[in-house]
Amino acid sequence: MLTLKRIFLYGLASLGGITFVAIIFVSGLALKFSNDIRPLPPLILLEADLSAGVAEFRKDGLISVFDTGPLLMRGFVDALEAASKDDRVQGLVVRFGSGGITVAQAQELRDAVVRFNSSGKFTLAFSESFGGIGSGTVAYYLASAFDSIWIQPSGAVGLTGIALEAPFIKGTLDKLGVKVKVEQRQEYKAAVEMFTREHFSVPARASLQQLVDSWFAQIVGGIATARGFEPVAVRKLIDDGPYLAREALTINLVDGLGYWIDVLDSARASASVDTVIADRMRIDRYLASVERPNSNGPKVAMIYGVGTVLPGVDDDPISGGANFAADSVAKAIATATKNNDIRAILFRIDSPGGSYTAADTVWREVDRASRAGKPVVVSMAGEAASGGYFVAMAADRIVAQPGTVTGSIGVFAGKAVTEALWHKLGITWDEIHAGGRATMWSQIRNFPPGAEDKFSRILDAIYEDFTAKLSRGRSLSKEQVDAVARGRVWSGTDALANGLIDVIGGYSTAVAEVKRALNLSPEDSINLIDFPKSRSRLERVVSLLTDRTEFSLGQTRAFMQAFGFRVSFSADDFAVFAPTVGVLQLPPFRLMR
């Protein structure tokens with residue numbers, strides 16, 4: 001009995017201690033994450049860190065509370081726009097690292113840097129090494145927009161070009177005795193070829209080569225203009241790369257050699273005026289202390305669709321969700337459409353595609369918004385292809401960067417037949433069913449009689465729906481649709497030429513298109529409001545500590561995986577293929593840039 005009492009008292013004491021720690025924890029977070037505007041110094045040197053790359057937005061969730069993650073694209077663009085009009089800001093210094101940046105992301109960042117430069121401020125880029133012993137072509141392309149480029153004396157400029165690699169596992173599947181029953185619409189839809197071929201088909205190679213050539217031309221042109229080279233000279237430099245630091249300095253690829261502290265000293269000296277020394281300030285800290293651009297005027301819903309398009313809602317309290325949750329995005333668009341205070345919708349997409357039905361759910365709400373007279377402007381980020389393009393087709397205007405990956409108008413689906421593999425392992429399967437095609441999606445046996453033809457007709461219907469909506473949304477004839485569809489992948493530059501998008505640009509261009517749709521002048525301001533409203537870190541912490549949250553298996557799995565555990569709760573985890581009909585997605589390329 002005495003032991004039980006002690007356990008009870010110790011338990012109460014422990015709970016009290018936990019509560020006390022929680023109070024201190026929340027109080028500390030409240031101070032750390034306070035967004036109160038603070039006085040700014042008279043002279044400012046802005047700093048930005050691209051070591052972790054750049055992200056479109058940060059979803060709510062416990063993990064995002066503790067991990068600030070990469071720099072946000074819109075935050076960078078808005079901060080430089082505000083800073084370009086702020087006499088206190090003298091210049092910008094940016095540190096590059098190993099974080100991957102796509103061609104389109106580099107172009108969006110370049111555009112913001114060039115606009116900032118045009119206001120008379122200086123810009124400086126630094127990297128220990130652009131690519132190191134790997135490729136640093138896209139990173140250097142971005143850095144070339146800055147006034148000066150510095151690298152560490154021990155570094156290098158990995159200016160080597162652009163390459164795409166893709167795995168083909170047909171040989172492995174053959175050895176295992178796994179047959180893949182998969183179809184694609186049409187011949188350029190290359191995602192299935194990794195299972196059915198040992199190398200690219202002629203159509204797939206032609207489509208992807210055109211994409212890489214378009215990127216390469218954009219990179220060559222950008223570097224040539226920024227660094228004062230002829231394009232042919234830049235191509236020669238790339239063919240002869242990479243370069244050690246001193247070689248790069250000799251041939252004018254960089255402007256200085258030094259370490260990060262040397263660069264900061266140089267930049268701060270340049271930012272100082274007379275006896276007033278400039279204060280270094282992180283770009284996110286600066287943005288939180290000034291009036292953000294596009295925060296006054298007619299209200300416009302800012303909605304994001306980022307990641308693989310999947311059915312369902314974003315309800316994971318741990319990670320905040322890692323995909324483009326179609327129901328959540330559709331709800332945000334529908335809510336904005338019904339809200340009379342919202343004058344238009346700016347829909348930012350960064351997605352390689354995903355589920356056909358999920359993409360169609362979002363497409364419907366975009367179409368309804370446009371038909372209701374609420375202008376929808378799509379801004380495409382690094383990629384908006386296949387299902388990522390599907391959701392954009394009904395928009396009033398589509399904006400993309402020259403390097404945005406888009407198009408891929410097609411569909412694929414299928415399943416694996418693994419019976420021979422199990423026989424090799426000494427395992428046999430039996431089954432009981434009711435219904436002639438109940439085993440249609442079995443990943444053990446082949447299609448039952450008549451099922452494969454039905455499956456093929458389903459894919460035909462999906463492709464027909466995709467192309468019909470493209471024809472209607474983009475006002476293209478059947479012949480024009482056929483010329484741009486069939487699974488072809490396009491760069492933003494080529495997509496503009498063939499009518500898949502309306503204008504080249506990023507956030508600033510998309511905002512201009514919104515103003516045009518609302519009959520506003522370029523000088524007028526709009527008020528971009530996140531839909532749904534993003535919660536602050538403190539709000540997320542308080543919610544997680546006070547709300548009664550029932551965790552699903554998937555949420556529990558996400559939590560444990562976030563801390564390094566591999567957890568499996570269903571047989572689906574062992575599936576070679578998900579038996580999903582209608583996948584609108586890009587193939588798994590490895591981009592060397």
# chains A, B, ... in the order shown; residues from 1 in each chain; ligands from 1
>>> residues_around(residues="range 259-266 of chain A", least_positions_apart="5", cutoff="8 Å", atoms="only C-alpha atoms", output="PyMOL selection string")
chain A and resi 93+126+128+150-153
>>> write_last_selection(atoms="N, CA and C atoms", output="compact mmCIF listing (two decimals), in the first residue's frame")
# COMPACT_ATOMS: atom_id res chain seq x y z
N VAL A 93 24.02 40.40 -49.39
CA VAL A 93 25.03 39.36 -49.54
C VAL A 93 24.35 38.01 -49.31
N PHE A 126 28.34 34.56 -52.47
CA PHE A 126 29.49 33.80 -51.97
C PHE A 126 29.14 32.32 -51.89
N GLU A 128 31.39 28.55 -50.78
CA GLU A 128 32.67 27.86 -50.55
C GLU A 128 33.12 27.20 -51.84
N TRP A 150 32.13 35.74 -55.11
CA TRP A 150 33.31 35.30 -54.37
C TRP A 150 33.21 33.81 -54.09
N ILE A 151 34.37 33.14 -54.12
CA ILE A 151 34.42 31.76 -53.65
C ILE A 151 35.65 31.58 -52.76
N GLN A 152 35.61 30.52 -51.99
CA GLN A 152 36.72 30.21 -51.10
C GLN A 152 37.94 29.82 -51.94
N PRO A 153 39.14 30.17 -51.51
CA PRO A 153 40.33 29.82 -52.31
C PRO A 153 40.46 28.33 -52.59
>>> select_by_dssp(residues="range 70-273 of chain A", states="alpha helix (DSSP H)", output="PyMOL selection string")
chain A and resi 73-84+103-117+137-143+170-176+193-196+202-227+231-240+245-250+260-271
>>> write_last_selection(atoms="C-alpha atoms", output="tab-separated table (two decimals), in the first residue's frame")
chain	number	residue	atom	x	y	z
A	73	MET	CA	10.69	32.04	-52.25
A	74	ARG	CA	7.92	34.60	-51.74
A	75	GLY	CA	9.68	35.93	-48.62
A	76	PHE	CA	12.88	36.50	-50.60
A	77	VAL	CA	11.05	38.24	-53.44
A	78	ASP	CA	8.95	40.42	-51.11
A	79	ALA	CA	11.92	41.35	-48.93
A	80	LEU	CA	13.98	42.53	-51.89
A	81	GLU	CA	11.03	44.46	-53.29
A	82	ALA	CA	10.58	46.27	-49.98
A	83	ALA	CA	14.34	46.77	-49.58
A	84	SER	CA	14.71	48.27	-53.05
A	103	VAL	CA	16.35	26.25	-63.14
A	104	ALA	CA	13.00	27.98	-62.61
A	105	GLN	CA	13.81	28.77	-58.97
A	106	ALA	CA	17.14	30.25	-60.03
A	107	GLN	CA	15.31	32.43	-62.53
A	108	GLU	CA	12.81	33.70	-59.95
A	109	LEU	CA	15.65	34.54	-57.55
A	110	ARG	CA	17.68	36.13	-60.37
A	111	ASP	CA	14.75	38.34	-61.35
A	112	ALA	CA	14.40	39.58	-57.76
A	113	VAL	CA	18.14	40.29	-57.50
A	114	VAL	CA	18.19	42.19	-60.81
A	115	ARG	CA	15.23	44.36	-59.73
A	116	PHE	CA	16.96	45.06	-56.41
A	117	ASN	CA	20.18	45.94	-58.25
A	137	THR	CA	25.91	25.06	-63.17
A	138	VAL	CA	22.48	26.23	-61.97
A	139	ALA	CA	23.90	27.68	-58.76
A	140	TYR	CA	26.49	29.64	-60.74
A	141	TYR	CA	23.78	30.75	-63.19
A	142	LEU	CA	21.94	32.28	-60.23
A	143	ALA	CA	25.11	33.83	-58.79
A	170	LYS	CA	13.26	-3.86	-66.44
A	171	GLY	CA	16.34	-6.09	-66.27
A	172	THR	CA	15.96	-6.46	-62.52
A	173	LEU	CA	12.25	-7.22	-62.82
A	174	ASP	CA	12.99	-9.84	-65.49
A	175	LYS	CA	15.48	-11.56	-63.20
A	176	LEU	CA	12.97	-11.56	-60.38
A	193	GLU	CA	9.52	3.25	-69.40
A	194	MET	CA	11.63	2.58	-66.32
A	195	PHE	CA	9.58	-0.63	-65.89
A	196	THR	CA	9.21	-1.64	-69.52
A	202	VAL	CA	12.93	7.66	-79.27
A	203	PRO	CA	9.92	9.92	-78.46
A	204	ALA	CA	10.85	10.24	-74.77
A	205	ARG	CA	14.46	11.04	-75.60
A	206	ALA	CA	13.41	13.70	-78.11
A	207	SER	CA	11.03	15.37	-75.64
A	208	LEU	CA	13.53	15.40	-72.78
A	209	GLN	CA	16.40	16.51	-75.01
A	210	GLN	CA	14.31	19.50	-76.07
A	211	LEU	CA	13.71	20.35	-72.41
A	212	VAL	CA	17.41	20.11	-71.50
A	213	ASP	CA	18.42	22.12	-74.60
A	214	SER	CA	15.95	24.85	-73.65
A	215	TRP	CA	17.35	25.00	-70.11
A	216	PHE	CA	20.90	25.07	-71.44
A	217	ALA	CA	20.17	27.95	-73.81
A	218	GLN	CA	18.57	29.93	-70.99
A	219	ILE	CA	21.56	29.37	-68.71
A	220	VAL	CA	24.10	30.25	-71.40
A	221	GLY	CA	22.21	33.42	-72.32
A	222	GLY	CA	21.85	34.51	-68.69
A	223	ILE	CA	25.53	34.00	-67.83
A	224	ALA	CA	26.66	35.68	-71.05
A	225	THR	CA	24.59	38.80	-70.43
A	226	ALA	CA	25.47	39.06	-66.75
A	227	ARG	CA	29.22	38.43	-67.04
A	231	PRO	CA	27.15	33.01	-75.72
A	232	VAL	CA	29.61	30.94	-77.76
A	233	ALA	CA	32.31	31.71	-75.19
A	234	VAL	CA	30.06	30.59	-72.34
A	235	ARG	CA	29.37	27.31	-74.13
A	236	LYS	CA	33.12	26.80	-74.51
A	237	LEU	CA	33.65	27.58	-70.81
A	238	ILE	CA	31.03	25.00	-69.87
A	239	ASP	CA	32.54	22.40	-72.19
A	240	ASP	CA	35.97	22.95	-70.58
A	245	ALA	CA	39.15	28.91	-57.71
A	246	ARG	CA	42.18	30.70	-59.12
A	247	GLU	CA	41.37	29.54	-62.67
A	248	ALA	CA	37.85	30.89	-62.26
A	249	LEU	CA	39.22	34.24	-61.06
A	250	THR	CA	41.65	34.45	-64.00
A	260	TRP	CA	32.85	33.89	-45.52
A	261	ILE	CA	34.19	36.25	-42.85
A	262	ASP	CA	36.25	38.09	-45.50
A	263	VAL	CA	33.17	38.46	-47.68
A	264	LEU	CA	31.10	39.81	-44.79
A	265	ASP	CA	33.81	42.34	-43.93
A	266	SER	CA	34.00	43.48	-47.55
A	267	ALA	CA	30.23	43.71	-47.91
A	268	ARG	CA	29.78	45.56	-44.65
A	269	ALA	CA	32.49	48.05	-45.62
A	270	SER	CA	30.68	48.65	-48.91
A	271	ALA	CA	27.38	49.16	-47.07
>>> closest_residue(among="A:Ala395, A:Ala517, A:Ala420, A:Val313", to="Leu470 in chain A", atoms="only C-alpha atoms")
A:Ala395
>>> residues_around(residues="Ser295 in chain A", least_positions_apart="3", cutoff="6 Å", atoms="only C-alpha atoms", output="ChimeraX atom specification")
/A:292,527-528
>>> residues_around(residues="range 490-506 of chain A", least_positions_apart="3", cutoff="6 Å", atoms="only C-alpha atoms", output="JSON list (two decimals) with N, CA and C atoms, in the first residue's frame")
[["chain", "number", "residue", "atom", "x", "y", "z"],
["A", 108, "GLU", "N", 13.62, 32.84, -60.82],
["A", 108, "GLU", "CA", 12.81, 33.70, -59.95],
["A", 108, "GLU", "C", 13.71, 34.51, -59.01],
["A", 211, "LEU", "N", 13.79, 19.68, -73.70],
["A", 211, "LEU", "CA", 13.71, 20.35, -72.41],
["A", 211, "LEU", "C", 15.11, 20.76, -71.93],
["A", 398, "ILE", "N", -2.06, 32.00, -66.96],
["A", 398, "ILE", "CA", -1.02, 31.11, -66.43],
["A", 398, "ILE", "C", 0.33, 31.76, -66.66],
["A", 399, "VAL", "N", 1.11, 31.87, -65.58],
["A", 399, "VAL", "CA", 2.44, 32.48, -65.61],
["A", 399, "VAL", "C", 3.46, 31.41, -65.25],
["A", 400, "ALA", "N", 4.57, 31.36, -65.97],
["A", 400, "ALA", "CA", 5.63, 30.38, -65.66],
["A", 400, "ALA", "C", 6.98, 30.99, -65.98],
["A", 401, "GLN", "N", 8.00, 30.47, -65.32],
["A", 401, "GLN", "CA", 9.36, 30.88, -65.62],
["A", 401, "GLN", "C", 9.83, 30.20, -66.90],
["A", 402, "PRO", "N", 10.86, 30.73, -67.57],
["A", 402, "PRO", "CA", 11.37, 30.06, -68.78],
["A", 402, "PRO", "C", 11.77, 28.61, -68.52],
["A", 403, "GLY", "N", 12.27, 28.33, -67.31],
["A", 403, "GLY", "CA", 12.75, 26.99, -66.99],
["A", 403, "GLY", "C", 11.74, 26.10, -66.29],
["A", 404, "THR", "N", 10.51, 26.57, -66.10],
["A", 404, "THR", "CA", 9.49, 25.73, -65.46],
["A", 404, "THR", "C", 9.23, 24.48, -66.30],
["A", 405, "VAL", "N", 9.16, 23.33, -65.64],
["A", 405, "VAL", "CA", 8.80, 22.08, -66.33],
["A", 405, "VAL", "C", 7.28, 21.98, -66.32],
["A", 406, "THR", "N", 6.69, 21.92, -67.49],
["A", 406, "THR", "CA", 5.23, 21.88, -67.56],
["A", 406, "THR", "C", 4.80, 20.98, -68.72],
["A", 407, "GLY", "N", 3.49, 20.93, -68.94],
["A", 407, "GLY", "CA", 2.98, 20.02, -69.96],
["A", 407, "GLY", "C", 2.83, 18.61, -69.43],
["A", 509, "THR", "N", 5.29, 39.06, -61.83],
["A", 509, "THR", "CA", 4.49, 39.03, -63.06],
["A", 509, "THR", "C", 3.09, 38.54, -62.78]]
>>> closest_residue(among="A:Thr357, A:Ser351, A:Asn296, A:Ser119", to="Met380 in chain A", atoms="only C-alpha atoms")
A:Ser351
>>> closest_residue(among="A:Phe57, A:Phe412, A:Tyr304, A:Phe229", to="Ala191 in chain A", atoms="only C-alpha atoms")
A:Phe412
>>> select_by_dssp(residues="range 244-473 of chain A", states="strand (DSSP E or B)", output="ChimeraX atom specification")
/A:244,256-257,273,276,279-282,295,299-306,309-310,324-325,342-351,353-355,376-385,397-400,405-407,411-417
>>> residues_around(residues="Ala385 in chain A", least_positions_apart="3", cutoff="8 Å", atoms="only C-alpha atoms", output="NGL selection string")
:A and (351-353 or 388-390 or 405-409 or 489 or 585-586)
>>> residues_around(residues="Ile342 in chain A", least_positions_apart="3", cutoff="8 Å", atoms="only C-alpha atoms", output="PyMOL selection string")
chain A and resi 298-301+336-337+339+345
>>> write_last_selection(atoms="N, CA and C atoms", output="PDB file, in the first residue's frame")
ATOM      1  N   PRO A 298      -7.274  45.734 -52.640  1.00  0.00           N
ATOM      2  CA  PRO A 298      -8.251  44.654 -52.836  1.00  0.00           C
ATOM      3  C   PRO A 298      -7.676  43.312 -52.401  1.00  0.00           C
ATOM      4  N   LYS A 299      -8.480  42.512 -51.715  1.00  0.00           N
ATOM      5  CA  LYS A 299      -8.002  41.250 -51.166  1.00  0.00           C
ATOM      6  C   LYS A 299      -7.934  40.164 -52.239  1.00  0.00           C
ATOM      7  N   VAL A 300      -6.819  39.466 -52.264  1.00  0.00           N
ATOM      8  CA  VAL A 300      -6.594  38.377 -53.220  1.00  0.00           C
ATOM      9  C   VAL A 300      -6.147  37.149 -52.435  1.00  0.00           C
ATOM     10  N   ALA A 301      -6.815  36.018 -52.648  1.00  0.00           N
ATOM     11  CA  ALA A 301      -6.458  34.781 -51.950  1.00  0.00           C
ATOM     12  C   ALA A 301      -5.173  34.209 -52.532  1.00  0.00           C
ATOM     13  N   ALA A 336     -12.563  30.780 -51.060  1.00  0.00           N
ATOM     14  CA  ALA A 336     -12.202  32.081 -51.631  1.00  0.00           C
ATOM     15  C   ALA A 336     -13.223  32.526 -52.675  1.00  0.00           C
ATOM     16  N   THR A 337     -13.746  31.568 -53.434  1.00  0.00           N
ATOM     17  CA  THR A 337     -14.740  31.888 -54.458  1.00  0.00           C
ATOM     18  C   THR A 337     -16.012  32.449 -53.831  1.00  0.00           C
ATOM     19  N   ASN A 339     -16.280  33.917 -50.886  1.00  0.00           N
ATOM     20  CA  ASN A 339     -16.018  35.078 -50.037  1.00  0.00           C
ATOM     21  C   ASN A 339     -16.079  36.354 -50.878  1.00  0.00           C
ATOM     22  N   ILE A 345      -7.948  35.184 -57.147  1.00  0.00           N
ATOM     23  CA  ILE A 345      -7.168  34.090 -56.558  1.00  0.00           C
ATOM     24  C   ILE A 345      -5.831  33.999 -57.279  1.00  0.00           C
TER      25      ILE A 345
END
>>> closest_residue(among="A:Ala325, A:Ala190, A:Val182, A:Ala359", to="Asp453 in chain A", atoms="only C-alpha atoms")
A:Val182
>>> closest_residue(among="A:Pro39, A:Gly91, A:Gly450, A:Pro375", to="Ile283 in chain A", atoms="only C-alpha atoms")
A:Gly91
